[in-house]
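What's in structure33.cif: mmCIF, C-alpha atoms
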```cif
data_upload
loop_
_atom_site.label_atom_id
_atom_site.label_comp_id
_atom_site.auth_asym_id
_atom_site.auth_seq_id
_atom_site.Cartn_x
_atom_site.Cartn_y
_atom_site.Cartn_z
CA MET F 3 -93.30 64.04 147.20
CA ALA F 4 -96.38 65.47 148.74
CA THR F 5 -99.26 63.08 149.04
CA ALA F 6 -102.67 64.22 147.94
CA LEU F 7 -105.41 64.87 150.44
CA THR F 8 -108.17 62.28 150.64
CA ILE F 9 -111.08 64.07 149.11
CA SER F 10 -113.92 63.09 146.78
CA PRO F 11 -113.03 64.04 143.19
CA THR F 12 -115.85 66.39 142.30
CA ARG F 13 -115.88 69.63 140.42
CA MET F 14 -117.02 71.50 143.53
CA GLU F 15 -114.00 70.29 145.50
CA LEU F 16 -111.74 71.32 142.65
CA ILE F 17 -113.03 74.87 142.74
CA LYS F 18 -112.65 74.98 146.51
CA LEU F 19 -109.09 73.70 146.30
CA LYS F 20 -108.10 76.22 143.68
CA ARG F 21 -109.37 78.96 145.94
CA ARG F 22 -107.37 77.57 148.86
CA VAL F 23 -104.18 77.44 146.84
CA SER F 24 -104.45 81.05 145.78
CA LEU F 25 -105.10 82.05 149.40
CA ALA F 26 -102.13 80.06 150.63
CA GLN F 27 -99.99 81.58 147.94
CA ARG F 28 -100.97 85.08 148.98
CA GLY F 29 -100.29 84.30 152.63
CA HIS F 30 -96.95 82.86 151.69
CA ASP F 31 -95.97 85.97 149.74
CA LEU F 32 -96.96 88.24 152.61
CA LEU F 33 -95.07 86.18 155.18
CA ARG F 34 -92.06 86.10 152.94
CA GLU F 35 -92.06 89.89 152.78
CA LYS F 36 -92.38 90.06 156.55
CA MET F 37 -89.47 87.68 156.90
CA ASP F 38 -87.26 89.78 154.65
CA ALA F 39 -88.05 92.89 156.66
CA LEU F 40 -87.36 91.04 159.91
CA VAL F 41 -84.03 89.79 158.66
CA MET F 42 -83.00 93.33 157.83
CA GLU F 43 -84.08 94.54 161.25
CA PHE F 44 -82.33 91.60 162.91
CA PHE F 45 -79.02 92.32 161.23
CA ASP F 46 -79.31 95.98 162.10
CA VAL F 47 -79.58 95.11 165.78
CA LEU F 48 -76.89 92.42 165.60
CA LYS F 49 -74.44 94.91 164.19
CA LYS F 50 -74.89 97.04 167.27
CA VAL F 51 -75.01 94.17 169.76
CA GLN F 52 -71.57 92.81 168.98
CA GLY F 53 -69.78 96.07 169.66
CA SER F 54 -71.75 97.01 172.73
CA ARG F 55 -71.15 93.57 174.19
CA THR F 56 -67.37 93.74 173.92
CA ARG F 57 -67.31 97.28 175.28
CA ALA F 58 -69.56 96.48 178.24
CA LEU F 59 -67.74 93.29 179.20
CA GLU F 60 -64.35 94.95 178.94
CA ARG F 61 -65.54 97.61 181.34
CA LEU F 62 -67.05 95.03 183.67
CA PHE F 63 -63.84 93.01 183.88
CA ARG F 64 -61.92 96.16 184.64
CA ALA F 65 -64.37 96.88 187.43
CA TYR F 66 -63.97 93.35 188.82
CA ARG F 67 -60.22 93.80 188.88
CA VAL F 68 -60.42 97.04 190.84
CA LEU F 69 -62.91 95.41 193.19
CA SER F 70 -60.44 92.60 193.89
CA GLU F 71 -57.81 95.18 194.73
CA CYS F 72 -60.27 96.88 197.01
CA PHE F 73 -61.09 93.58 198.73
CA ALA F 74 -57.39 93.06 199.25
CA THR F 75 -56.53 96.45 200.70
CA MET F 76 -59.68 97.27 202.64
CA GLY F 77 -60.71 93.76 203.56
CA THR F 78 -63.68 91.87 202.15
CA ILE F 79 -65.96 92.44 205.12
CA GLU F 80 -65.31 96.18 205.21
CA THR F 81 -65.97 96.50 201.49
CA VAL F 82 -69.23 94.58 201.72
CA GLU F 83 -70.21 96.75 204.69
CA SER F 84 -69.61 99.92 202.71
CA ALA F 85 -71.57 98.52 199.80
CA ARG F 86 -74.44 98.07 202.21
CA GLU F 87 -74.20 101.69 203.27
CA THR F 88 -74.24 102.94 199.70
CA LYS F 89 -77.32 104.77 198.53
CA ARG F 90 -79.04 102.46 196.12
CA GLU F 91 -81.68 104.36 194.22
CA LEU F 92 -80.89 103.62 190.60
CA GLN F 93 -83.93 104.13 188.41
CA LEU F 94 -84.35 103.15 184.80
CA GLU F 95 -86.71 104.69 182.33
CA ILE F 96 -88.03 101.83 180.21
CA SER F 97 -90.48 102.26 177.38
CA SER F 98 -91.27 100.13 174.37
CA ARG F 99 -90.95 100.39 170.63
CA HIS F 100 -92.75 98.44 167.92
CA VAL F 101 -90.77 96.76 165.19
CA MET F 102 -92.94 94.90 162.67
CA GLY F 103 -95.50 94.19 165.36
CA ILE F 104 -92.98 93.07 167.97
CA THR F 105 -92.56 95.03 171.15
CA VAL F 106 -88.95 95.64 172.05
CA PRO F 107 -87.80 97.53 175.13
CA VAL F 108 -86.14 100.91 175.01
CA ILE F 109 -84.09 101.85 178.05
CA GLU F 110 -83.20 105.49 178.48
CA ASP F 111 -79.63 106.34 179.41
CA PRO F 112 -79.61 105.90 183.17
CA LYS F 113 -78.03 108.40 185.49
CA VAL F 114 -75.65 105.97 187.13
CA GLU F 115 -72.60 108.09 187.63
CA ARG F 116 -72.42 109.95 190.91
CA ASN F 117 -69.73 111.80 192.73
CA ALA F 118 -68.13 110.35 195.82
CA LEU F 119 -70.25 112.38 198.23
CA ALA F 120 -73.51 111.26 196.72
CA ARG F 121 -72.69 107.59 197.14
CA GLY F 122 -73.48 107.54 200.82
CA TYR F 123 -70.72 105.50 202.42
CA SER F 124 -68.36 107.10 204.86
CA LEU F 125 -65.46 108.71 203.03
CA TYR F 126 -63.44 109.01 206.22
CA THR F 127 -63.17 105.32 207.01
CA THR F 128 -62.84 103.95 203.49
CA SER F 129 -59.99 103.74 201.04
CA SER F 130 -59.88 105.73 197.84
CA LEU F 131 -59.90 102.40 196.07
CA LEU F 132 -63.53 102.05 197.04
CA ASP F 133 -64.31 105.27 195.18
CA GLU F 134 -62.42 103.92 192.22
CA THR F 135 -64.37 100.66 192.37
CA SER F 136 -67.69 102.42 192.56
CA LYS F 137 -66.80 104.60 189.63
CA GLU F 138 -65.76 101.62 187.53
CA PHE F 139 -68.90 99.70 188.37
CA GLU F 140 -71.11 102.68 187.63
CA GLN F 141 -69.58 102.98 184.19
CA ALA F 142 -69.80 99.23 183.59
CA LEU F 143 -73.42 99.21 184.68
CA LYS F 144 -74.26 102.06 182.33
CA LEU F 145 -72.90 100.08 179.39
CA LEU F 146 -74.55 96.88 180.57
CA VAL F 147 -77.95 98.53 180.78
CA LYS F 148 -77.63 99.79 177.22
CA HIS F 149 -76.46 96.37 176.13
CA ALA F 150 -79.41 94.72 177.85
CA GLU F 151 -81.77 96.74 175.69
CA LEU F 152 -80.02 95.68 172.49
CA GLU F 153 -79.78 92.06 173.45
CA ALA F 154 -83.42 91.90 174.47
CA SER F 155 -84.42 93.42 171.11
CA ALA F 156 -82.20 90.98 169.25
CA PHE F 157 -83.78 88.04 171.05
CA ALA F 158 -87.31 89.29 170.49
CA ILE F 159 -86.74 89.87 166.79
CA GLY F 160 -84.89 86.58 166.43
CA LYS F 161 -87.72 84.67 168.05
CA GLU F 162 -90.29 86.25 165.73
CA LEU F 163 -88.03 85.57 162.78
CA GLU F 164 -87.85 81.91 163.69
CA LYS F 165 -91.62 81.70 163.93
CA THR F 166 -92.15 83.43 160.60
CA LYS F 167 -89.58 81.27 158.91
CA ARG F 168 -91.29 78.13 160.15
CA ARG F 169 -94.61 79.35 158.81
CA VAL F 170 -93.18 80.26 155.42
CA ASN F 171 -91.56 76.85 155.14
CA ALA F 172 -94.71 75.04 156.20
CA LEU F 173 -96.67 76.81 153.49
CA GLU F 174 -94.01 76.50 150.83
CA TYR F 175 -92.97 72.90 151.32
CA ILE F 176 -96.01 71.19 152.78
CA LEU F 177 -99.37 72.87 152.36
CA ILE F 178 -99.06 74.28 148.84
CA PRO F 179 -97.51 71.13 147.28
CA LYS F 180 -100.19 69.03 148.97
CA LEU F 181 -102.99 71.16 147.59
CA GLN F 182 -101.49 71.20 144.13
CA GLU F 183 -101.12 67.43 144.21
CA THR F 184 -104.77 67.09 145.13
CA ILE F 185 -105.83 69.43 142.33
CA LYS F 186 -103.86 67.34 139.88
CA PHE F 187 -105.49 64.17 141.19
CA ILE F 188 -109.00 65.56 140.89
CA SER F 189 -108.56 67.00 137.41
CA MET F 190 -107.08 63.70 136.18
CA ARG F 191 -109.97 61.83 137.72
CA LEU F 192 -112.49 64.17 136.10
CA ASP F 193 -110.83 63.77 132.71
CA GLU F 194 -110.92 60.02 133.14
CA MET F 195 -114.63 60.10 133.90
CA GLU F 196 -115.25 62.19 130.82
CA ARG F 197 -113.42 59.68 128.64
CA GLU F 198 -115.40 56.82 130.16
CA ASN F 199 -118.61 58.63 129.44
CA PHE F 200 -117.57 59.33 125.87
CA THR F 201 -116.86 55.69 125.06
CA ARG F 202 -120.08 54.64 126.77
CA LEU F 203 -122.11 57.00 124.59
CA LYS F 204 -120.36 55.79 121.46
CA ARG F 205 -121.17 52.20 122.37
CA ILE F 206 -124.83 52.96 123.04
CA LYS F 207 -125.10 54.76 119.74
CA ALA F 208 -123.67 51.73 117.96
CA ILE F 209 -126.16 49.40 119.67
CA LEU F 210 -129.11 51.66 118.78
CA GLU F 211 -127.98 51.80 115.18
CA GLU F 212 -127.82 47.99 114.97
CA ARG F 213 -131.40 47.62 116.23
CA ARG F 214 -132.86 49.87 113.66
CA MET S 181 -92.31 104.20 183.45
CA ASN S 182 -89.61 104.06 186.08
CA TYR S 183 -88.14 100.75 186.99
CA LYS S 184 -85.49 99.41 189.33
CA VAL S 185 -82.64 97.03 188.71
CA ALA S 186 -81.96 93.75 190.47
CA VAL S 187 -78.80 91.66 190.57
CA ILE S 188 -78.36 88.00 191.40
CA GLY S 189 -74.77 86.88 191.60
CA ASP S 190 -71.86 85.90 193.78
CA LEU S 191 -70.48 88.16 196.46
CA SER S 192 -68.18 90.20 194.24
CA THR S 193 -70.80 90.81 191.57
CA THR S 194 -73.43 91.92 194.05
CA THR S 195 -70.99 94.05 196.05
CA GLY S 196 -69.80 95.84 192.94
CA MET S 197 -73.30 96.44 191.67
CA ALA S 198 -74.42 97.65 195.08
CA LEU S 199 -71.58 100.17 195.01
CA ALA S 200 -72.91 101.33 191.65
CA GLY S 201 -76.32 101.93 193.20
CA VAL S 202 -78.36 98.88 192.20
CA PRO S 203 -81.32 98.70 194.62
CA TYR S 204 -81.86 94.94 194.83
CA THR S 205 -79.00 92.51 195.18
CA TYR S 206 -79.08 88.88 196.12
CA VAL S 207 -76.13 86.62 196.83
CA HIS S 208 -76.64 83.16 195.42
CA LYS S 209 -76.24 80.34 197.92
CA LYS S 210 -78.69 77.52 197.35
CA ARG S 211 -80.46 76.70 194.12
CA ASP S 212 -83.97 76.58 195.61
CA GLU S 213 -83.60 79.84 197.48
CA THR S 214 -82.25 81.67 194.44
CA LEU S 215 -85.05 80.28 192.33
CA ALA S 216 -87.59 81.58 194.82
CA LYS S 217 -85.88 84.97 194.81
CA LEU S 218 -85.86 85.05 191.03
CA LYS S 219 -89.57 84.29 191.02
CA GLU S 220 -90.07 87.15 193.44
CA PHE S 221 -88.09 89.51 191.19
CA PHE S 222 -90.11 88.44 188.18
CA GLY S 223 -93.32 89.09 190.07
CA ASP S 224 -92.25 92.53 191.25
CA LYS S 225 -93.75 95.20 189.00
CA GLN S 226 -91.06 97.71 190.01
CA ILE S 227 -88.17 95.71 188.64
CA GLY S 228 -87.38 96.34 185.01
CA LEU S 229 -83.96 94.79 184.61
CA ILE S 230 -82.49 91.68 186.18
CA LEU S 231 -78.80 90.99 185.86
CA LEU S 232 -77.54 87.55 186.72
CA THR S 233 -74.35 85.69 186.15
CA TYR S 234 -74.02 82.95 183.53
CA ARG S 235 -72.91 80.48 186.16
CA ILE S 236 -76.07 80.89 188.21
CA ALA S 237 -78.29 80.92 185.14
CA GLU S 238 -76.82 77.57 184.21
CA GLU S 239 -77.37 76.19 187.66
CA LEU S 240 -81.01 77.24 187.59
CA GLU S 241 -81.78 75.35 184.38
CA PRO S 242 -84.24 74.12 183.28
CA ASP S 243 -86.48 76.34 185.41
CA PHE S 244 -84.69 79.45 184.21
CA SER S 245 -85.49 78.82 180.55
CA GLN S 246 -89.07 78.27 181.51
CA PHE S 247 -89.16 81.66 183.23
CA MET S 248 -87.64 83.28 180.18
CA ARG S 249 -90.22 81.76 177.88
CA SER S 250 -93.19 82.75 179.99
CA LYS S 251 -92.13 86.32 180.81
CA SER S 252 -93.32 89.34 178.92
CA MET S 253 -91.07 92.13 177.69
CA ILE S 254 -90.43 93.51 181.16
CA PRO S 255 -88.37 92.63 183.14
CA VAL S 256 -85.46 92.53 180.75
CA VAL S 257 -83.00 89.83 181.78
CA LEU S 258 -79.31 90.09 180.99
CA LYS S 259 -76.74 87.43 181.76
CA ILE S 260 -73.30 88.73 182.67
CA PRO S 261 -70.03 86.95 183.34
CA ASP S 262 -68.83 86.78 186.92
CA LYS S 263 -65.39 87.63 188.26
CA THR S 264 -63.77 84.61 186.64
CA GLY S 265 -65.07 85.69 183.26
CA TYR S 266 -67.14 82.56 182.94
CA ALA S 267 -69.43 82.49 179.90
CA PRO S 268 -70.75 79.47 178.02
CA LYS S 269 -68.87 78.43 174.89
CA VAL S 270 -71.91 78.57 172.67
CA ASP S 271 -73.39 82.02 172.73
CA GLU S 272 -77.18 81.99 172.78
CA LEU S 273 -77.49 84.75 170.24
CA SER S 274 -75.10 83.23 167.72
CA GLU S 275 -76.92 79.95 168.19
CA MET S 276 -80.13 81.73 167.28
CA ILE S 277 -78.49 83.26 164.21
CA ARG S 278 -77.34 79.83 163.14
CA ARG S 279 -80.85 78.47 163.50
CA THR S 280 -82.60 81.27 161.67
CA VAL S 281 -80.13 82.15 158.96
CA GLY S 282 -78.80 78.64 158.53
CA THR S 283 -75.13 79.53 158.57
CA GLU S 284 -72.61 81.05 160.86
CA ILE S 285 -72.17 84.70 160.08
CA ALA S 286 -69.66 87.17 161.31
CA VAL S 287 -71.31 90.51 161.88
CA LYS S 288 -68.94 93.37 161.62
CA GLU S 289 -69.45 96.24 163.92
CA GLY S 290 -71.06 99.16 162.20
CA THR S 291 -72.26 102.56 163.10
CA GLY S 292 -75.79 101.95 161.83
#
```
Now that the file is in, can you turn its structure into structure tokens?
Amino acid sequence: MATALTISPTRMELIKLKRRVSLAQRGHDLLREKMDALVMEFFDVLKKVQGSRTRALERLFRAYRVLSECFATMGTIETVESARETKRELQLEISSRHVMGITVPVIEDPKVERNALARGYSLYTTSSLLDETSKEFEQALKLLVKHAELEASAFAIGKELEKTKRRVNALEYILIPKLQETIKFISMRLDEMERENFTRLKRIKAILEERR
Amino acid sequence: MNYKVAVIGDLSTTTGMALAGVPYTYVHKKRDETLAKLKEFFGDKQIGLILLTYRIAEELEPDFSQFMRSKSMIPVVLKIPDKTGYAPKVDELSEMIRRTVGTEIAVKEGTG
């Protein structure tokens, strides 16, 4: 049960409170609408996230497996050396998109895949497994980058959703009941005062009549 | 805007990503050093995506969560499993769904 605010029971306060309630109600309705829209957006993204996650991780594990093979046949040190020789110029095009006032990142499809010659390590001294590994990792990375975009959007929208939900609940379960309780208290008090006044006047009238 | 990618992970993760052309890689050794490196990556305006393994992210707590809270949209951070396939039991995203929606929900994959 919400407790009433401590406020002096005057007519002026009552008017002020009524105004506040209607404002809170309007804010609550607006936030509620925002929340519904966010939930829809959230589920839209979640639908995509799940699939992209499984696909990306599957690819990544495959890449790890080929890398282990490569470590085994070429030797760990040689593999790491070749990785150091590789051309590493991957660029991502990142822009942003607005969803209900939240900025979420948009990552363009990166050009990760290269042919063996463009990679930069010596083809003569390395095993073909290294080419295989690079190819697998390039493909895994491509999926991971796309997944990163989705996951970041999901987190951003989820965070905003949490905030909005908290606000809606605060208005619905705390502020509005409190204000309504106070309004009830003041109007009861005012009625009481009116009744007191009424009996007082009656009594005075009776006394005046007796004197006459 | 053009951005670069950075990876923090163990030797196999970084080697693989380097082979795929990722410009910045860092092999995790000590907690403090990795934390400093992460801070450096966060400060770098050129880096738009940071990949790091779940295992390291867990080791860097609670500082890592603090970074995540204070960062803006860019850089995007994605946690990936390492070679052993290690990932925490409770997925962060499904935890968030549970908090916001109130119940566990299974989202079916759609084309939408």
Quick one: which residues end up in the PyMOL selection byres ((chain S) within 9 of (chain F)) for this structure, as a PyMOL selection string?
chain S and resi 181-185+191-204+228-229+231+253-254+256-265+273+276-277+279-281+287-292
Go through F:Arg169, F:His30, F:Lys113, F:Lys180 one by one, measure the shortest atom-to-atom distance of each to Ile9 of chain F using all atoms listed in the file, and give the residue with the smallest value.
F:Lys180
Just the residues within 12 Å of Thr214 of chain S, please, counting only C-alpha atoms, with nothing from its chain fewer than 4 positions along; format it as a list in words.
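That gives Val187, Ile188, Gly189, Asp190, Thr205, Tyr206, Val207, His208, Lys209, Lys210, Leu218, Lys219, Glu220, Phe221, Leu232, Ile236, Ala237, Glu239, Leu240, Glu241, Asp243 and Phe244 of chain S.
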From the list F:Leu173, F:Met195, F:Met42, F:Ile178, which residue is nearest Arg21 of chain F when using all atoms listed in the file?
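Using all atoms listed in the file, the shortest distance to Arg21 of chain F belongs to F:Ile178.
In this model, the gap between atom CA of Ile230 of chain S and atom CA of Ala186 of chain S comes to 4.8 Å.
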For Phe247 of chain S, which of S:Ile227, S:Val270, S:Ala216, S:Tyr234 is the closest residue, counting all atoms listed in the file?
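Going through S:Ile227, S:Val270, S:Ala216, S:Tyr234 one by one, the smallest distance to Phe247 of chain S is for S:Ala216.
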By how many Å are atom CA of Lys251 of chain S and atom CA of Arg99 of chain F apart?
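According to the coordinates, atom CA of Lys251 of chain S and atom CA of Arg99 of chain F are separated by 17.4 Å.
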Just the number, please: distance in Å from atom CA of Ala172 of chain F to atom CA of Ser189 of chain F, one decimal.
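Computed distance, atom CA of Ala172 of chain F to atom CA of Ser189 of chain F, equals 24.7 Å.
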